[in-house]
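Chemist: Quick one: the structure is below, questions incoming.
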Amino acid sequence: MKQMPADIIDLVLIGGGHAQIAVLKSFGMRPLDRVRLTLVTDVLMAPYSGMLPGHVEGHHSMEDMHIDLLKLARFAGARLIKRSVTDIDFINQNIVLEGGLNLHYDVLSLNSGAVPDAESIQGTDAYGITVKPISHFLEKMPALSELSGDIAVIGGGAAGCELAISLTRHYQLADKPFACHLFSRSKRLLPTAPLSASKIMARALLDNDIALHLGASVQRLTQDGVIGEKGDTIPARHIFVVTAARPADWVKGLAIAHCEDGYIQVRPTLQLMEYDNVFAAGDIASICGEKREKAGVFAVRAGPYLADNLRRFIQASHLKSFRPQSRYLALIGLGGKQALAIRGRFVAKGALWWHLKNWIDTILIQGLLFCNH
């Protein structure tokens, strides 16, 4: 293992994702001597993705679902640099920031979010509202007074279905006539879940008057609507794109090992394959041999391992391995304080699961925010 410098050790965190927040909390509660902590982020308020549908539907305020990174950095005794990253020179341990500024690191941790794969559907940049990054979505989501026609949601996974219901219930408050359409390339909703879960979700969408277009591959978005592979057009004025995201261009361009989907490849210790002093977790990374969905639950659970291993690496101790579980409880909102629960082959729905989801989200966000009070 490379010996740490004898004087100040610069630990730099790039991104304010869920795993990185655990690092800031850990170092705020138990600082390490000689460690200078720096957070590099292009946003000051980090959204908690699990609360987004509840916020859209009206159950959570903006304050409820955001983590104040400035306050968290102060708690951790960290410098905060509000800039985007353009490149990393791993050989010279140098981060290139927006505007050509350079920042040295001794130990580096990466946990920035994914970006929308706008190229997968023509016209997304011009006419679509992508859900990731969430800050972009919240800026672009039309206000009630701006609703000017039908809504389309592209994506039949959990995020797309949940958002379609939330948007429909939200815009009903505008008291204007509109239709909502959901498009899924798969022939059934929630294609990786049990069939019974797909049927429950389909029923919930139909009960909210959402028109389903299953097995429908979207080719292009226009100002007037959604164009399918056969050239058919479904009119829509507001089009929300909830398809697969991808790593940011600067991440894909890094001179390190990547997985087939472009995400950074890391060891079970969350270290890069090539560099012991560089760690990555959350949406930006995938553990070699442990293929998992890009779900927030994995980033949250990786957080304590990331924090502990950064501390252990600096102290030249043995690192621990993080093994994301193969099965986890997914709680998906069905609207009206009802939720769908899925874990392996177990499937259930009801108000109990919505209250459990709300309780878990609240506990998580309060745990992330405890240092603000």
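Within each chain, counting starts at residue 1; across the structure tokens, chains are named A, B, ... in the order shown, with ligands numbered 1 upward in that order.
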Please list as a ChimeraX atom specification every residue within 8 Å of Trp354 of chain A, counting only C-alpha atoms and excluding residues in the same chain fewer than 2 positions away.

Modeler: /A:331-333,337-340,350-352,356-358

Chemist: Mind writing the picked residues with N, CA, C and O atoms as a short mmCIF file (atom, residue, chain, number, x, y, z; two decimals), in the first residue's frame?

Modeler:
```cif
data_model
loop_
_atom_site.label_atom_id
_atom_site.label_comp_id
_atom_site.auth_asym_id
_atom_site.auth_seq_id
_atom_site.Cartn_x
_atom_site.Cartn_y
_atom_site.Cartn_z
N LEU A 331 -40.37 -0.45 -2.48
CA LEU A 331 -41.68 0.15 -2.15
C LEU A 331 -41.97 1.22 -3.19
O LEU A 331 -41.24 2.21 -3.30
N ILE A 332 -43.03 1.04 -3.95
CA ILE A 332 -43.35 1.90 -5.09
C ILE A 332 -44.73 2.51 -4.88
O ILE A 332 -45.72 1.79 -4.69
N GLY A 333 -44.81 3.82 -4.93
CA GLY A 333 -46.08 4.50 -4.71
C GLY A 333 -47.10 4.20 -5.80
O GLY A 333 -46.77 4.16 -6.98
N LYS A 337 -51.71 7.53 -1.20
CA LYS A 337 -51.14 6.90 0.00
C LYS A 337 -51.31 5.38 0.00
O LYS A 337 -51.59 4.76 1.03
N GLN A 338 -51.15 4.81 -1.19
CA GLN A 338 -51.08 3.36 -1.36
C GLN A 338 -49.72 3.04 -1.99
O GLN A 338 -49.15 3.87 -2.70
N ALA A 339 -49.19 1.87 -1.71
CA ALA A 339 -47.90 1.50 -2.27
C ALA A 339 -47.84 0.02 -2.57
O ALA A 339 -48.59 -0.80 -2.01
N LEU A 340 -46.94 -0.32 -3.46
CA LEU A 340 -46.68 -1.69 -3.86
C LEU A 340 -45.37 -2.13 -3.23
O LEU A 340 -44.37 -1.40 -3.28
N GLY A 350 -51.01 -1.84 -0.55
CA GLY A 350 -51.90 -1.31 0.47
C GLY A 350 -51.35 -0.07 1.14
O GLY A 350 -50.22 0.37 0.87
N ALA A 351 -52.14 0.52 2.03
CA ALA A 351 -51.74 1.72 2.75
C ALA A 351 -50.58 1.46 3.70
O ALA A 351 -49.73 2.33 3.93
N LEU A 352 -50.53 0.24 4.26
CA LEU A 352 -49.44 -0.11 5.18
C LEU A 352 -48.09 0.12 4.53
O LEU A 352 -47.16 0.67 5.15
N LEU A 356 -45.05 2.64 5.49
CA LEU A 356 -43.70 2.13 5.73
C LEU A 356 -42.68 2.87 4.86
O LEU A 356 -41.62 3.27 5.35
N LYS A 357 -43.04 3.07 3.60
CA LYS A 357 -42.15 3.81 2.70
C LYS A 357 -41.92 5.23 3.22
O LYS A 357 -40.78 5.73 3.25
N ASN A 358 -42.98 5.89 3.62
CA ASN A 358 -42.88 7.25 4.14
C ASN A 358 -42.02 7.30 5.40
O ASN A 358 -41.20 8.21 5.58
#
```

Chemist: I'd like the neighbourhood of Gln93 of chain A as an MDAnalysis selection string, where a residue qualifies if any of its atoms comes within 9 Å (using only C-alpha atoms), though same-chain residues fewer than 5 positions away should be ignored.

Modeler: chainID A and resid 88 103:108

Chemist: Could you write those residues out with C-alpha atoms, as a PDB file, in the first residue's frame?

Modeler:
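Saved to part_19.pdb:
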```pdb
ATOM      1  CA  ILE A  88      -8.984  13.779 -13.425  1.00  0.00           C
ATOM      2  CA  LEU A 103      -7.131  20.697  -7.294  1.00  0.00           C
ATOM      3  CA  HIS A 104      -4.653  18.229  -5.778  1.00  0.00           C
ATOM      4  CA  TYR A 105      -5.745  15.139  -3.862  1.00  0.00           C
ATOM      5  CA  ASP A 106      -4.023  12.414  -1.861  1.00  0.00           C
ATOM      6  CA  VAL A 107      -7.173  10.320  -1.467  1.00  0.00           C
ATOM      7  CA  LEU A 108     -10.205  10.713  -3.755  1.00  0.00           C
TER       8      LEU A 108
END
```

Chemist: What does the distance between atom CA of Ala285 of chain A and atom CA of Leu182 of chain A come to in Å, to one decimal place?

Modeler: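 Interatomic distance here is 29.5 Å.
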
Chemist: For Ile14 of chain A, which of A:Gly344, A:Gly282, A:Gly231, A:Pro53 is the closest residue, counting only C-alpha atoms?

Modeler: A:Gly282

Chemist: Would you pick out the contacts of Arg246 of chain A at 10 Å or less, using only C-alpha atoms, so that residues sharing its chain but fewer than 3 positions from it are not included, and give the list as a PyMOL selection string?

Modeler: chain A and resi 113-118+132+243+249+251-252+261-263+283-284

Chemist: Identify, with DSSP run on backbone atoms, the residues in segment 182-241 of chain A assigned to alpha helix (DSSP H), and express the list as a VMD selection string.

Modeler: chain A and resid 195 to 207

Chemist: Which is closest to Asn277 of chain A among A:Tyr328, A:Phe90, A:Phe240, A:Trp353, if we use only C-alpha atoms?

Modeler: A:Phe90

Chemist: Point out the residue among A:Pro47, A:Pro177, A:Gly128, A:Gly155 with the least atom-to-atom distance to Gly225 of chain A, counting only C-alpha atoms.

Modeler: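 Nearest to Gly225 of chain A: A:Gly128.
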
Chemist: Can you pull out the residues contacting Lys199 of chain A? Cut-off 12 Å, using only C-alpha atoms, and skip same-chain residues under 3 positions away; I want them as a count of residues only.

Modeler: 18
